[in-house]
Structure formats: C-alpha cells, structure tokens
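As stored in upload18.txt (compact mmCIF, C-alpha atoms):
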# COMPACT_ATOMS: atom_id res chain seq x y z
CA MET A 1 0.00 0.00 0.00
CA THR A 2 1.34 3.45 -0.95
CA THR A 3 2.05 5.79 1.97
CA ILE A 4 0.67 9.33 1.63
CA ASP A 5 3.13 11.89 2.96
CA THR A 6 2.37 15.19 4.67
CA LEU A 7 3.46 18.71 3.69
CA ARG A 8 3.52 21.47 6.28
CA PHE A 9 3.34 24.92 4.68
CA ALA A 10 2.68 28.51 5.71
CA THR A 11 1.31 31.55 3.92
CA ALA A 12 2.81 35.02 4.33
CA GLY A 13 2.61 38.41 2.68
CA SER A 14 1.59 42.01 3.20
CA VAL A 15 -1.79 43.34 4.29
CA ASP A 16 -4.68 42.62 1.89
CA ASP A 17 -2.58 40.52 -0.46
CA GLY A 18 -5.30 37.88 -0.28
CA LYS A 19 -3.74 35.15 1.86
CA SER A 20 -6.96 34.10 3.59
CA THR A 21 -8.86 34.26 0.30
CA LEU A 22 -6.24 32.02 -1.32
CA VAL A 23 -6.51 29.50 1.51
CA GLY A 24 -10.30 29.61 1.36
CA ARG A 25 -10.26 29.14 -2.42
CA LEU A 26 -7.83 26.25 -2.06
CA LEU A 27 -10.03 24.52 0.51
CA HIS A 28 -13.22 25.22 -1.47
CA ASP A 29 -11.98 24.15 -4.90
CA SER A 30 -10.24 21.04 -3.56
CA LYS A 31 -13.55 19.96 -1.96
CA SER A 32 -12.10 20.22 1.56
CA VAL A 33 -14.92 22.33 3.04
CA LEU A 34 -17.85 20.76 4.87
CA VAL A 35 -21.34 21.78 3.80
CA ASP A 36 -22.17 23.41 7.14
CA GLN A 37 -18.92 25.41 7.04
CA LEU A 38 -19.76 26.75 3.59
CA GLU A 39 -23.30 27.60 4.68
CA ALA A 40 -21.95 29.54 7.67
CA VAL A 41 -19.61 31.50 5.38
CA GLU A 42 -22.44 32.26 2.96
CA HIS A 43 -24.63 33.46 5.83
CA ALA A 44 -21.86 35.67 7.27
CA SER A 45 -21.14 37.09 3.80
CA ARG A 46 -24.80 37.99 3.25
CA ASN A 47 -24.90 39.75 6.62
CA ARG A 48 -21.98 41.87 5.45
CA GLY A 49 -23.82 42.80 2.24
CA GLN A 50 -21.75 40.60 -0.09
CA ASP A 51 -23.37 38.84 -3.03
CA THR A 52 -20.84 36.00 -3.18
CA PRO A 53 -19.28 33.96 -0.34
CA ASP A 54 -16.18 35.54 1.19
CA LEU A 55 -13.89 32.52 1.25
CA ALA A 56 -11.45 34.31 3.55
CA LEU A 57 -13.93 33.67 6.37
CA LEU A 58 -13.02 29.98 6.22
CA THR A 59 -9.75 30.83 7.96
CA ASP A 60 -10.39 34.14 9.74
CA GLY A 61 -12.10 32.61 12.77
CA LEU A 62 -11.67 35.30 15.43
CA ARG A 63 -14.50 37.81 15.78
CA ALA A 64 -12.06 40.73 15.48
CA GLU A 65 -10.68 39.21 12.28
CA ARG A 66 -14.14 38.95 10.72
CA GLU A 67 -15.10 42.49 11.74
CA GLN A 68 -11.89 44.09 10.47
CA GLY A 69 -11.40 41.85 7.45
CA ILE A 70 -7.84 41.03 8.50
CA THR A 71 -5.92 38.04 9.85
CA ILE A 72 -4.57 38.43 13.40
CA ASP A 73 -3.82 34.94 14.68
CA VAL A 74 -2.19 31.97 12.95
CA ALA A 75 -5.01 29.81 11.56
CA TYR A 76 -4.12 26.15 11.13
CA ARG A 77 -6.06 24.06 8.66
CA TYR A 78 -5.78 20.37 7.81
CA PHE A 79 -6.87 18.99 4.46
CA ALA A 80 -5.93 16.27 2.01
CA THR A 81 -6.05 15.34 -1.65
CA PRO A 82 -5.60 11.86 -3.11
CA ARG A 83 -1.88 12.63 -3.51
CA ARG A 84 -0.89 14.25 -0.20
CA ARG A 85 -1.98 15.47 3.24
CA PHE A 86 -1.45 19.11 4.21
CA ILE A 87 -1.01 21.11 7.41
CA LEU A 88 -1.46 24.77 6.56
CA ALA A 89 -0.63 27.82 8.69
CA ASP A 90 -2.31 31.01 7.48
CA THR A 91 -0.27 33.83 9.04
CA PRO A 92 -1.08 37.56 9.38
CA GLY A 93 0.21 40.25 7.04
CA HIS A 94 0.25 43.24 9.39
CA VAL A 95 3.71 44.32 10.51
CA GLN A 96 2.75 44.12 14.21
CA TYR A 97 1.84 40.45 13.74
CA THR A 98 5.08 39.43 12.03
CA ARG A 99 5.86 37.37 15.14
CA ASN A 100 3.04 35.04 14.11
CA MET A 101 4.67 34.48 10.73
CA VAL A 102 7.77 33.28 12.57
CA THR A 103 5.59 30.87 14.54
CA GLY A 104 3.84 29.51 11.47
CA ALA A 105 6.96 29.13 9.32
CA SER A 106 9.27 27.70 11.99
CA THR A 107 8.09 24.14 11.34
CA ALA A 108 7.10 24.57 7.68
CA GLU A 109 8.75 22.84 4.76
CA LEU A 110 7.31 25.37 2.30
CA THR A 111 6.37 29.03 2.63
CA VAL A 112 3.99 30.84 0.29
CA ILE A 113 4.80 34.55 -0.01
CA LEU A 114 1.88 36.36 -1.59
CA VAL A 115 2.26 39.62 -3.52
CA ASP A 116 -0.50 41.91 -4.78
CA ALA A 117 0.13 42.26 -8.52
CA ARG A 118 -0.87 45.94 -8.33
CA ASN A 119 1.68 46.82 -5.64
CA GLY A 120 4.57 44.46 -6.37
CA VAL A 121 7.29 43.76 -3.82
CA VAL A 122 6.90 45.86 -0.65
CA GLU A 123 8.82 46.00 2.64
CA GLN A 124 6.71 43.30 4.30
CA THR A 125 7.36 41.02 1.30
CA ARG A 126 11.09 41.49 1.83
CA ARG A 127 10.74 40.92 5.58
CA HIS A 128 8.89 37.64 5.07
CA ALA A 129 11.43 36.50 2.49
CA ALA A 130 14.22 37.27 4.96
CA ILE A 131 12.47 35.31 7.72
CA ALA A 132 11.93 32.34 5.38
CA ALA A 133 15.65 32.43 4.57
CA LEU A 134 16.69 32.67 8.23
CA LEU A 135 14.38 29.81 9.18
CA ARG A 136 15.87 27.81 6.29
CA VAL A 137 12.49 26.86 4.88
CA PRO A 138 13.45 24.46 2.05
CA HIS A 139 10.89 25.67 -0.51
CA VAL A 140 9.41 29.11 -1.20
CA VAL A 141 6.49 29.85 -3.52
CA LEU A 142 5.92 33.39 -4.79
CA GLY A 143 2.19 33.77 -5.45
CA VAL A 144 1.53 36.85 -7.58
CA ASN A 145 -2.11 37.36 -6.66
CA LYS A 146 -4.93 39.56 -8.01
CA MET A 147 -3.81 39.08 -11.61
CA ASP A 148 -7.43 39.75 -12.61
CA LEU A 149 -6.97 43.37 -11.45
CA VAL A 150 -4.02 43.95 -13.81
CA GLY A 151 -5.67 42.39 -16.86
CA TYR A 152 -3.76 39.10 -16.50
CA GLU A 153 -0.75 40.83 -18.10
CA GLU A 154 2.33 38.62 -18.40
CA HIS A 155 4.83 41.49 -18.14
CA VAL A 156 3.43 42.49 -14.72
CA PHE A 157 3.96 38.96 -13.40
CA ALA A 158 7.41 38.66 -14.99
CA ALA A 159 8.68 41.92 -13.45
CA ILE A 160 7.53 40.98 -9.94
CA ALA A 161 8.89 37.43 -10.24
CA GLU A 162 12.28 38.71 -11.40
CA GLU A 163 12.59 41.26 -8.59
CA CYS A 164 11.53 38.85 -5.84
CA THR A 165 13.66 35.99 -7.17
CA ALA A 166 16.76 38.20 -7.25
CA TYR A 167 16.10 39.41 -3.70
CA ALA A 168 15.53 35.88 -2.42
CA SER A 169 18.68 34.66 -4.13
CA GLU A 170 20.74 37.30 -2.27
CA LEU A 171 19.21 36.06 0.98
CA GLY A 172 20.28 32.50 0.17
CA VAL A 173 16.80 31.05 -0.42
CA PRO A 174 17.56 27.68 -2.06
CA GLU A 175 14.46 27.51 -4.25
CA ILE A 176 11.67 29.88 -5.26
CA THR A 177 8.77 29.10 -7.61
CA ALA A 178 6.64 31.95 -9.01
CA ILE A 179 2.98 31.30 -9.90
CA PRO A 180 0.48 33.90 -11.23
CA ILE A 181 -2.93 33.49 -9.58
CA SER A 182 -6.24 35.13 -8.79
CA ALA A 183 -7.48 33.74 -5.48
CA LEU A 184 -10.80 35.56 -5.80
CA ALA A 185 -11.56 34.19 -9.27
CA GLY A 186 -9.79 30.86 -8.79
CA ASP A 187 -7.25 31.28 -11.61
CA ASN A 188 -4.32 28.81 -11.27
CA VAL A 189 -5.23 27.90 -7.68
CA VAL A 190 -6.62 24.42 -8.26
CA ASP A 191 -7.54 24.56 -11.95
CA PRO A 192 -5.45 26.04 -14.80
CA SER A 193 -6.48 29.52 -15.92
CA SER A 194 -7.74 30.17 -19.44
CA ASN A 195 -7.01 33.86 -18.82
CA MET A 196 -3.24 33.22 -18.54
CA ASP A 197 -2.46 30.83 -21.39
CA TRP A 198 1.02 32.35 -21.50
CA TYR A 199 1.84 30.56 -18.22
CA GLY A 200 2.91 26.95 -18.68
CA GLY A 201 3.82 25.99 -15.12
CA PRO A 202 1.85 24.06 -12.47
CA THR A 203 -1.16 25.39 -10.64
CA PHE A 204 -0.75 26.26 -6.98
CA LEU A 205 -2.22 22.96 -5.78
CA GLU A 206 -0.24 20.92 -8.33
CA HIS A 207 2.98 22.42 -7.00
CA LEU A 208 1.98 21.67 -3.40
CA GLU A 209 1.21 18.08 -4.34
CA THR A 210 4.51 17.45 -6.13
CA VAL A 211 7.15 19.48 -4.26
CA PRO A 212 9.62 17.14 -2.47
CA VAL A 213 8.90 16.79 1.24
CA GLY A 214 11.92 17.50 3.51
CA ARG A 215 14.91 15.37 4.25
CA ASP A 216 14.76 12.26 6.38
CA LEU A 217 15.97 13.27 9.86
CA SER A 218 16.27 9.63 10.93
CA HIS A 219 19.62 9.29 9.13
CA CYS A 220 21.23 12.04 11.22
CA HIS A 221 22.94 11.56 14.59
CA ALA A 222 20.41 11.26 17.41
CA ARG A 223 19.17 14.09 19.61
CA LEU A 224 16.69 13.45 22.46
CA PRO A 225 15.90 16.40 24.75
CA VAL A 226 14.75 14.97 28.08
CA GLN A 227 11.28 16.21 28.92
CA TYR A 228 10.46 14.06 31.93
CA VAL A 229 12.11 11.49 34.20
CA ILE A 230 9.85 8.52 34.88
CA ARG A 231 10.26 6.82 38.28
CA PRO A 232 7.16 4.69 39.08
CA GLN A 233 8.74 3.12 42.23
CA THR A 234 6.04 0.48 42.31
CA ALA A 235 6.25 -3.17 43.32
CA GLU A 236 6.18 -4.10 39.65
CA HIS A 237 8.85 -1.57 38.64
CA PRO A 238 10.89 -0.81 41.78
CA ASP A 239 14.07 0.31 39.99
CA TYR A 240 12.64 1.71 36.75
CA ARG A 241 14.27 4.97 35.67
CA GLY A 242 13.32 6.16 32.19
CA TYR A 243 14.01 9.39 30.33
CA ALA A 244 11.04 10.49 28.24
CA GLY A 245 11.00 12.90 25.32
CA GLN A 246 10.68 13.29 21.57
CA ILE A 247 13.56 12.31 19.30
CA VAL A 248 14.00 15.51 17.31
CA ARG A 249 16.71 14.17 15.06
CA GLY A 250 18.32 10.86 14.14
CA THR A 251 17.87 7.26 15.28
CA LEU A 252 18.42 5.63 18.67
CA ARG A 253 19.23 1.93 18.97
CA VAL A 254 19.49 -0.43 21.91
CA GLY A 255 23.21 -0.98 22.63
CA GLU A 256 24.24 2.40 21.17
CA GLN A 257 26.67 4.56 23.12
CA VAL A 258 25.25 7.97 23.96
CA THR A 259 26.43 11.08 25.76
CA VAL A 260 24.28 12.98 28.25
CA LEU A 261 24.77 16.73 27.94
CA PRO A 262 25.73 19.17 29.29
CA ALA A 263 27.36 16.92 31.92
CA GLY A 264 29.23 14.93 29.25
CA ARG A 265 28.70 11.53 30.89
CA THR A 266 28.56 8.55 28.53
CA SER A 267 26.34 5.50 28.77
CA THR A 268 24.70 2.80 26.67
CA VAL A 269 21.05 2.54 25.66
CA ARG A 270 19.72 -0.45 27.61
CA ALA A 271 16.11 -0.35 26.42
CA ILE A 272 13.65 1.83 24.52
CA ASP A 273 9.97 1.94 25.44
CA GLY A 274 7.73 3.11 22.63
CA LEU A 275 3.98 3.52 22.63
CA GLY A 276 2.93 0.61 24.84
CA ARG A 277 5.74 -1.70 23.76
CA THR A 278 9.48 -2.18 23.89
CA VAL A 279 11.40 -1.51 20.67
CA ASP A 280 15.01 -1.94 19.55
CA ILE A 281 15.09 1.13 17.28
CA ALA A 282 13.35 4.52 17.47
CA ARG A 283 13.53 7.38 14.96
CA ALA A 284 12.66 11.06 14.77
CA PRO A 285 10.01 12.29 15.42
CA GLN A 286 8.91 9.46 17.74
CA SER A 287 8.24 10.09 21.43
CA VAL A 288 9.89 7.42 23.56
CA THR A 289 11.26 6.57 26.99
CA VAL A 290 14.94 5.59 27.04
CA LEU A 291 16.61 3.48 29.74
CA LEU A 292 20.37 3.76 30.14
CA ASP A 293 23.02 1.61 31.80
CA GLY A 294 24.41 2.87 35.09
CA ASP A 295 23.19 5.55 37.48
CA ILE A 296 23.57 8.99 35.90
CA ASP A 297 22.10 12.22 37.19
CA ILE A 298 19.72 13.20 34.37
CA SER A 299 16.85 15.68 34.59
CA ARG A 300 14.53 17.71 32.38
CA GLY A 301 16.53 19.91 30.04
CA ASP A 302 19.40 17.48 29.55
CA LEU A 303 20.10 16.18 26.05
CA ILE A 304 20.82 12.56 25.13
CA ALA A 305 22.94 12.54 21.95
CA SER A 306 24.91 10.07 19.87
CA SER A 307 28.47 9.93 21.19
CA ASP A 308 29.78 9.85 17.59
CA ASP A 309 28.64 13.43 16.95
CA ALA A 310 27.63 15.21 20.14
CA PRO A 311 26.82 18.93 19.84
CA ALA A 312 28.97 21.68 21.29
CA ILE A 313 28.69 22.50 24.99
CA THR A 314 28.74 26.25 25.25
CA GLN A 315 27.88 29.35 27.20
CA ASP A 316 28.65 31.75 24.34
CA ILE A 317 26.27 31.90 21.39
CA ASP A 318 26.43 33.82 18.12
CA ALA A 319 22.99 33.89 16.55
CA THR A 320 20.58 35.68 14.26
CA VAL A 321 17.33 36.68 15.93
CA CYS A 322 13.98 37.98 14.81
CA HIS A 323 12.76 40.35 17.52
CA VAL A 324 9.02 39.86 18.07
CA ALA A 325 8.18 41.80 21.24
CA ASP A 326 6.95 45.38 21.57
CA GLN A 327 9.71 46.27 24.04
CA PRO A 328 13.25 46.50 22.58
CA LEU A 329 16.11 44.06 23.12
CA ALA A 330 19.22 45.92 24.30
CA VAL A 331 22.88 45.19 24.99
CA GLY A 332 23.33 44.23 28.63
CA GLN A 333 19.75 43.03 29.03
CA ARG A 334 19.16 39.96 31.19
CA VAL A 335 16.89 37.35 29.63
CA LEU A 336 15.86 33.72 29.86
CA LEU A 337 17.00 31.48 27.02
CA LYS A 338 14.82 28.45 26.26
CA HIS A 339 16.50 25.77 24.15
CA THR A 340 14.55 22.54 23.56
CA THR A 341 13.42 21.56 27.10
CA ARG A 342 16.11 23.57 28.94
CA THR A 343 15.68 27.15 30.21
CA VAL A 344 18.68 29.11 31.54
CA ASN A 345 19.49 32.67 32.57
CA ALA A 346 21.43 34.67 29.99
CA ILE A 347 22.63 38.16 29.12
CA VAL A 348 22.80 39.94 25.76
CA LYS A 349 26.52 40.69 25.48
CA ASP A 350 26.47 42.43 22.09
CA ILE A 351 24.30 43.25 19.07
CA PRO A 352 26.87 43.47 16.26
CA SER A 353 24.46 44.33 13.45
CA ARG A 354 20.90 44.81 12.27
CA LEU A 355 19.67 43.78 8.83
CA VAL A 356 18.38 46.58 6.56
CA LEU A 357 15.64 44.95 4.53
CA ASP A 358 15.60 47.46 1.65
CA ASP A 359 19.04 46.58 0.30
CA LEU A 360 20.16 43.73 2.60
CA SER A 361 22.94 45.88 4.04
CA THR A 362 23.78 45.80 7.74
CA CYS A 363 23.57 48.57 10.31
CA PRO A 364 26.59 48.03 12.61
CA ASN A 365 26.28 48.16 16.39
CA PRO A 366 22.67 49.37 16.64
CA GLY A 367 22.71 48.90 20.43
CA ARG A 368 19.22 47.46 20.44
CA LEU A 369 16.63 45.73 18.31
CA VAL A 370 12.99 46.84 18.16
CA SER A 371 9.87 44.96 17.13
CA ASN A 372 10.26 43.06 13.82
CA ASP A 373 14.00 43.83 13.54
CA ILE A 374 16.31 41.07 12.37
CA GLY A 375 19.84 41.20 13.70
CA ARG A 376 22.88 39.33 14.98
CA VAL A 377 23.42 38.95 18.71
CA ARG A 378 26.00 37.49 21.08
CA ILE A 379 24.60 35.85 24.18
CA ARG A 380 26.26 34.53 27.32
CA THR A 381 24.34 31.91 29.30
CA ALA A 382 24.68 31.33 33.03
CA GLU A 383 24.79 27.56 32.50
CA PRO A 384 26.19 25.51 29.63
CA ILE A 385 23.80 24.22 26.95
CA ALA A 386 24.21 21.64 24.18
CA LEU A 387 23.73 23.53 20.94
CA ASP A 388 23.89 22.62 17.25
CA ALA A 389 24.20 25.16 14.47
CA TYR A 390 20.76 25.95 13.06
CA ALA A 391 22.03 25.08 9.58
CA ASP A 392 22.58 21.52 10.81
CA SER A 393 19.46 21.11 12.96
CA ARG A 394 16.42 23.38 13.05
CA ARG A 395 15.22 21.89 16.36
CA THR A 396 18.45 21.85 18.38
CA GLY A 397 19.89 24.96 16.74
CA SER A 398 16.97 27.24 17.61
CA PHE A 399 15.95 28.98 20.82
CA ILE A 400 13.76 31.76 22.14
CA LEU A 401 14.59 34.67 24.42
CA ILE A 402 12.10 35.40 27.21
CA ASP A 403 11.59 38.40 29.47
CA PRO A 404 12.18 37.03 33.01
CA ALA A 405 9.88 39.66 34.50
CA ASP A 406 6.62 38.69 32.77
CA GLY A 407 7.38 35.69 30.54
CA THR A 408 6.96 37.61 27.27
CA THR A 409 8.69 36.04 24.27
CA LEU A 410 11.27 38.60 23.09
CA ALA A 411 12.98 36.98 20.11
CA ALA A 412 13.31 33.80 18.09
CA GLY A 413 16.95 32.83 17.59
CA MET A 414 18.87 30.72 15.11
CA ALA A 415 22.36 29.74 16.29
CA GLU A 416 25.17 30.45 13.86
CA SER A 417 27.98 28.99 15.93
CA ALA A 418 28.78 27.84 19.43
CA THR A 419 32.11 28.19 21.19
CA ARG A 420 32.98 25.13 23.25
Whole structure given in structure tokens:
Amino acid sequence: MTTIDTLRFATAGSVDDGKSTLVGRLLHDSKSVLVDQLEAVEHASRNRGQDTPDLALLTDGLRAEREQGITIDVAYRYFATPRRRFILADTPGHVQYTRNMVTGASTAELTVILVDARNGVVEQTRRHAAIAALLRVPHVVLGVNKMDLVGYEEHVFAAIAEECTAYASELGVPEITAIPISALAGDNVVDPSSNMDWYGGPTFLEHLETVPVGRDLSHCHARLPVQYVIRPQTAEHPDYRGYAGQIVRGTLRVGEQVTVLPAGRTSTVRAIDGLGRTVDIARAPQSVTVLLDGDIDISRGDLIASSDDAPAITQDIDATVCHVADQPLAVGQRVLLKHTTRTVNAIVKDIPSRLVLDDLSTCPNPGRLVSNDIGRVRIRTAEPIALDAYADSRRTGSFILIDPADGTTLAAGMAESATR
C-alpha cells in the first residue's frame, strides 16, 4: 500500500494581499470544506452585504478578524487530496503580527509569499522572504495574486517574479517558484487559468502536491531532549528509571553509546519503550522513553545525543534573531533562554548588526533591536547548553529569548555557531 506523505506549509505576505482568500479558495476548490462550514460563510457574507461567499472567512475565525477583514492569529487548517496530506498555517500580514509568521513558518517545509500584482514587492514582502531564509524553509512559492486586477498581463507577473527571485537569491533562499494566480476568481489555484495561457507551469495545488517533502531526519545523529524522568517506584517496577522525550533528530538503537549533555557523561542505551511496547530502534520524530546503563544524574533539560557526533557544549552563542516583542532588546539586558526543554538565565553581550531589509545591508552596532527587527546577537548563558548550528538542525539549533519579569517572548533565535 502506498504511503501518503504530509506537507507542512505557511502563507505570508503584506496586508490585503489575499492570503486568507487564497486559503479559502484552495479549501473550497479542492472539496475540503464541509457543507455546514460553507453555509456559515455564505450566511456571514450575506450579513456583510456581499453577493458571493467571502472565502477568507473559512480561515479568519476570530471575531475581530471577521469584523476588520484582516488576519490576526495563525489559523491552522488540515486537508488532504488523493496525492498528499497538508497542514497549513495562514499567518497575518500586518507588521505588528510578524511574530506570528515566525511561529507559522518555523516548522514549515514550504512558505507561500503572496504579492499583490498591483503593488509588487513591498517591505513586508522582503521581511517575510528574509524570515523564510533565516528559518531555512526548504521551498518558497511566490504567489503573484490579483492578476485579474491587472488584466492578466504577463509582463506584470514577470517583473515581480524577477525582482523577488533576485532578492531571495541574495538572501540565500535555495528555491523559489513563481505562480500567477487570482485567489478571488480561482485562476491557477486548483484549476489552470484560461485567462493566462502564456503561463505553462503548475497550478498552486499541483505544485503543493509534487514538491519534495523534507529530508529524512532519521539518518542524522540522534538528539533526544529529556522532557520528563519517569520513576514509578512500584512493586512491579521498583528500579525503573526512564528518560522520556521526543527524538527531534536521528535514530536511537538499543546498545548504542550515547552522551548525556551538558554533563558529558557517557552511557549505553539499555532499552527503549515506545507507545505501549518495547522496541530496539526509534527514529525522529517518535516520542519514547529511554533506559540507560548505570546511574547517571539526568533531569529535564538534559540532552541525550549520539556519542559519535555530540553537539557543542557552550555558554557563548552567536545567533541571528527575529525580535518579536513590543519592548526592545538591548545590549546588557538579562533574559531567559529556552533551548529545547532547557531554560537558563542569559545576558545579551552584544548586538553586532541589524539587517536593513531594503538593500540587505547591515547597520553596525545598533545597540538594540525593536519589534520586527532582524539582527545578529551574542549571548552569554549562566549555565552551559548543548547547541547545534541551526544550519545543521532546526530543532536543536533554535531557541527563544524570554523576558524574566513577565514571561513575554522577546525573540526567536537561530544559532550560527557555538564556542565550546
């Protein structure tokens, strides 16, 4: 029997570029909308004085979103075609909600950046392209929307595609596919458009169904952040000591030598308990409980890693961050750094540069980062952490900075390097 794989993707773009309408059209035309959902949208559209259903209402679920006609929160939708399953994150376009784009794209294998054909590439387009590059999203789709409002002119599409592709290439985006669409009219969303016979590429859905789904993380060296220590201490299991968590990368095998970090103690995998049964091998992204030989002091926040390629143990981190909070991030500021299941105190030692989105130049030594800024930082942690480079591992190379006073998330970070 053929296994149907799953693609996680996110939409992004500027305000009123039509992201929610595109998602609604995609769900509607692919027959992924229940009858009662469509009836509710039709009813809400009539109440707003609209003659045709506003498909954006299929994703804009919050009352404030419906009233203002904008997207505020990340809306997750699950649908499937005969060829593939999809997990979709519809993210906001407003600048103040850029933080939600970071959330939606952080686990995505493909990002759709939508552009209004009338306006072309704007600052928010460049910001979203930069975030997609920083998050190392493997595939990027440029959707040039509202082609019906520019007469379906090929030269309009070609100019926007050329500008955005050149910009993305400078950012290091590995792949970008440009598709001309009209989400409102349905052109090139699910079915090919007769209005754009000059375009010979796939429709939006065809591309989603055929784009390669990410690399197999099970062939990498293992990483298991410990989430919980299981000690039943019952008559049946008097000496049971298991370390539970999700394997975020690689494969663990019974008999394999592992290193527990940051302590650096080595041991051997004695047993692996999966979902209700004992297994000899477990792979990412399985959640398991691992039993090790010997008595080692292990607690939540420790990392069990393959001894062949253990990550660096460091207190000094060079990273690129996307600042998402309203309050600025300044040199000398004390923060909490959360990495996998471990949270430690830290201080911002330096902010060497801030990215200027217009021309991709850098502003040296800005002193602080404000909301939606992207910049490089140097951080010193109070305790050592086991850190991979983000280029090698998205899960163990990423972290967030938290305000210790009120728990506000300040920034999302991608480690560039770690000094042992």
Could you build a table of the residues in stretch 164-276 of chain A lying no more than 7 Å from stretch 129-142 of chain A, giving for each the nearest pair of atoms and their separation in Å rounded to one decimal place, using all atoms listed in the file, ordered by chain and ascending residue number, as a tab-separated table?
residue	atom	partner	partner_atom	distance
A:Ala168	CA	A:Ala129	CA	6.4
A:Leu171	CA	A:Ala133	CA	6.2
A:Gly172	CA	A:Ala133	CA	6.4
A:Val173	CA	A:Ala133	CA	5.3
A:Pro174	CA	A:Pro138	CA	6.6
A:Glu175	CA	A:His139	CA	5.5
A:Ile176	CA	A:Val140	CA	4.7
A:Thr177	CA	A:Val141	CA	4.7
A:Ala178	CA	A:Leu142	CA	4.5
A:Ile179	CA	A:Leu142	CA	6.3
Do you know which residues are at most 6 Å from A:Arg300 counting all atoms listed in the file, after dropping those on the same chain fewer than 3 positions away, and could you put them as a PDB file with C-alpha atoms, keeping the file's coordinate frame?
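Output file around_39.pdb follows:
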ATOM      1  CA  VAL A 226      14.750  14.970  28.080  1.00  0.00           C
ATOM      2  CA  GLN A 227      11.280  16.210  28.920  1.00  0.00           C
ATOM      3  CA  TYR A 228      10.460  14.060  31.930  1.00  0.00           C
TER       4      TYR A 228
END
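The closest residue to A:Asp239, picked from A:Leu291, A:Val348, A:Leu22, A:Val258 and counting all atoms listed in the file, is A:Leu291.
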Polymer residues at most 10 Å from (24.2, 14.3, 35.3) by all atoms listed in the file, as a ChimeraX atom specification: /A:260-266,295-299,302
Can you tell me which residues surround stretch 371-373 of chain A at a distance of at most 7 Å, considering only C-alpha atoms, apart from same-chain residues fewer than 3 positions away, and format the answer as JSON, numbers by chain? {"A": [98, 322, 323, 324, 325, 326, 328]}
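One finds atom CA of A:Gly120 at 14.0 Å from atom CA of A:Asp358.
Checking A:Gln315, A:Thr289, A:Gln257, A:Thr165 one by one against A:Tyr240, counting all atoms listed in the file, you find the shortest gap at A:Thr289.
Distance check against A:His339 using all atoms listed in the file: of A:Leu401, A:Ala305, A:Leu184, A:Val377, the minimum falls on A:Leu401.
Among the candidates A:His128, A:Arg84, A:Arg283, A:His28, the residue lying nearest to A:Ser14 is A:His128 (atoms considered: all atoms listed in the file).
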12 Å contact set for A:Gly407, all atoms listed in the file, chain neighbours under 6 positions out, as a VMD selection string: chain A and resid 325 335 to 338 343 400 to 401
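The space between atom CA of A:Arg394 and atom CA of A:Asp5 spans 20.3 Å.
Around A:Leu275, within 10 Å and counting all atoms listed in the file, the residues found are Gln286, Ser287, Val288 and Thr289 of chain A, once anything fewer than 5 positions away on its own chain is removed.
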Measuring between all atoms listed in the file, which one of A:Ser20, A:Gln327, A:Thr251, A:Gln233 shows the shortest distance to A:Thr408? A:Gln327
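Between atom CA of A:Ala405 and atom CA of A:Leu303 the separation is 27.0 Å.
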Supply stretch 228-244 of chain A as an mmCIF file, keeping the file's coordinate frame, with N, CA and C atoms built in where the input has gaps.
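Output file out-v7.cif is given in full below:
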data_model
loop_
_atom_site.group_PDB
_atom_site.id
_atom_site.type_symbol
_atom_site.label_atom_id
_atom_site.label_comp_id
_atom_site.auth_asym_id
_atom_site.auth_seq_id
_atom_site.Cartn_x
_atom_site.Cartn_y
_atom_site.Cartn_z
ATOM 1 N N TYR A 228 10.987 14.534 30.653
ATOM 2 C CA TYR A 228 10.460 14.060 31.930
ATOM 3 C C TYR A 228 11.212 12.806 32.356
ATOM 4 N N VAL A 229 11.492 12.696 33.644
ATOM 5 C CA VAL A 229 12.110 11.490 34.200
ATOM 6 C C VAL A 229 11.022 10.648 34.847
ATOM 7 N N ILE A 230 10.906 9.399 34.403
ATOM 8 C CA ILE A 230 9.850 8.520 34.880
ATOM 9 C C ILE A 230 10.400 7.572 35.945
ATOM 10 N N ARG A 231 9.880 7.693 37.162
ATOM 11 C CA ARG A 231 10.260 6.820 38.280
ATOM 12 C C ARG A 231 8.996 6.301 38.949
ATOM 13 N N PRO A 232 8.419 5.190 38.487
ATOM 14 C CA PRO A 232 7.160 4.690 39.080
ATOM 15 C C PRO A 232 7.313 4.281 40.547
ATOM 16 N N GLN A 233 8.477 3.617 40.866
ATOM 17 C CA GLN A 233 8.740 3.120 42.230
ATOM 18 C C GLN A 233 7.568 2.292 42.765
ATOM 19 N N THR A 234 7.104 1.396 41.910
ATOM 20 C CA THR A 234 6.040 0.480 42.310
ATOM 21 C C THR A 234 6.627 -0.897 42.544
ATOM 22 N N ALA A 235 5.795 -1.793 43.080
ATOM 23 C CA ALA A 235 6.250 -3.170 43.320
ATOM 24 C C ALA A 235 6.619 -3.849 42.008
ATOM 25 N N GLU A 236 5.907 -3.499 40.947
ATOM 26 C CA GLU A 236 6.180 -4.100 39.650
ATOM 27 C C GLU A 236 7.440 -3.521 39.008
ATOM 28 N N HIS A 237 7.672 -2.222 39.228
ATOM 29 C CA HIS A 237 8.850 -1.570 38.640
ATOM 30 C C HIS A 237 9.602 -0.798 39.733
ATOM 31 N N PRO A 238 10.263 -1.490 40.646
ATOM 32 C CA PRO A 238 10.890 -0.810 41.780
ATOM 33 C C PRO A 238 12.102 0.031 41.395
ATOM 34 N N ASP A 239 12.825 -0.375 40.344
ATOM 35 C CA ASP A 239 14.070 0.310 39.990
ATOM 36 C C ASP A 239 13.995 0.979 38.613
ATOM 37 N N TYR A 240 12.790 1.130 38.089
ATOM 38 C CA TYR A 240 12.640 1.710 36.750
ATOM 39 C C TYR A 240 13.019 3.188 36.755
ATOM 40 N N ARG A 241 13.902 3.565 35.841
ATOM 41 C CA ARG A 241 14.270 4.970 35.670
ATOM 42 C C ARG A 241 14.368 5.236 34.166
ATOM 43 N N GLY A 242 13.356 5.905 33.624
ATOM 44 C CA GLY A 242 13.320 6.160 32.190
ATOM 45 C C GLY A 242 13.346 7.652 31.896
ATOM 46 N N TYR A 243 13.884 7.988 30.732
ATOM 47 C CA TYR A 243 14.010 9.390 30.330
ATOM 48 C C TYR A 243 13.154 9.606 29.088
ATOM 49 N N ALA A 244 12.057 10.350 29.282
ATOM 50 C CA ALA A 244 11.040 10.490 28.240
ATOM 51 C C ALA A 244 11.238 11.787 27.470
#
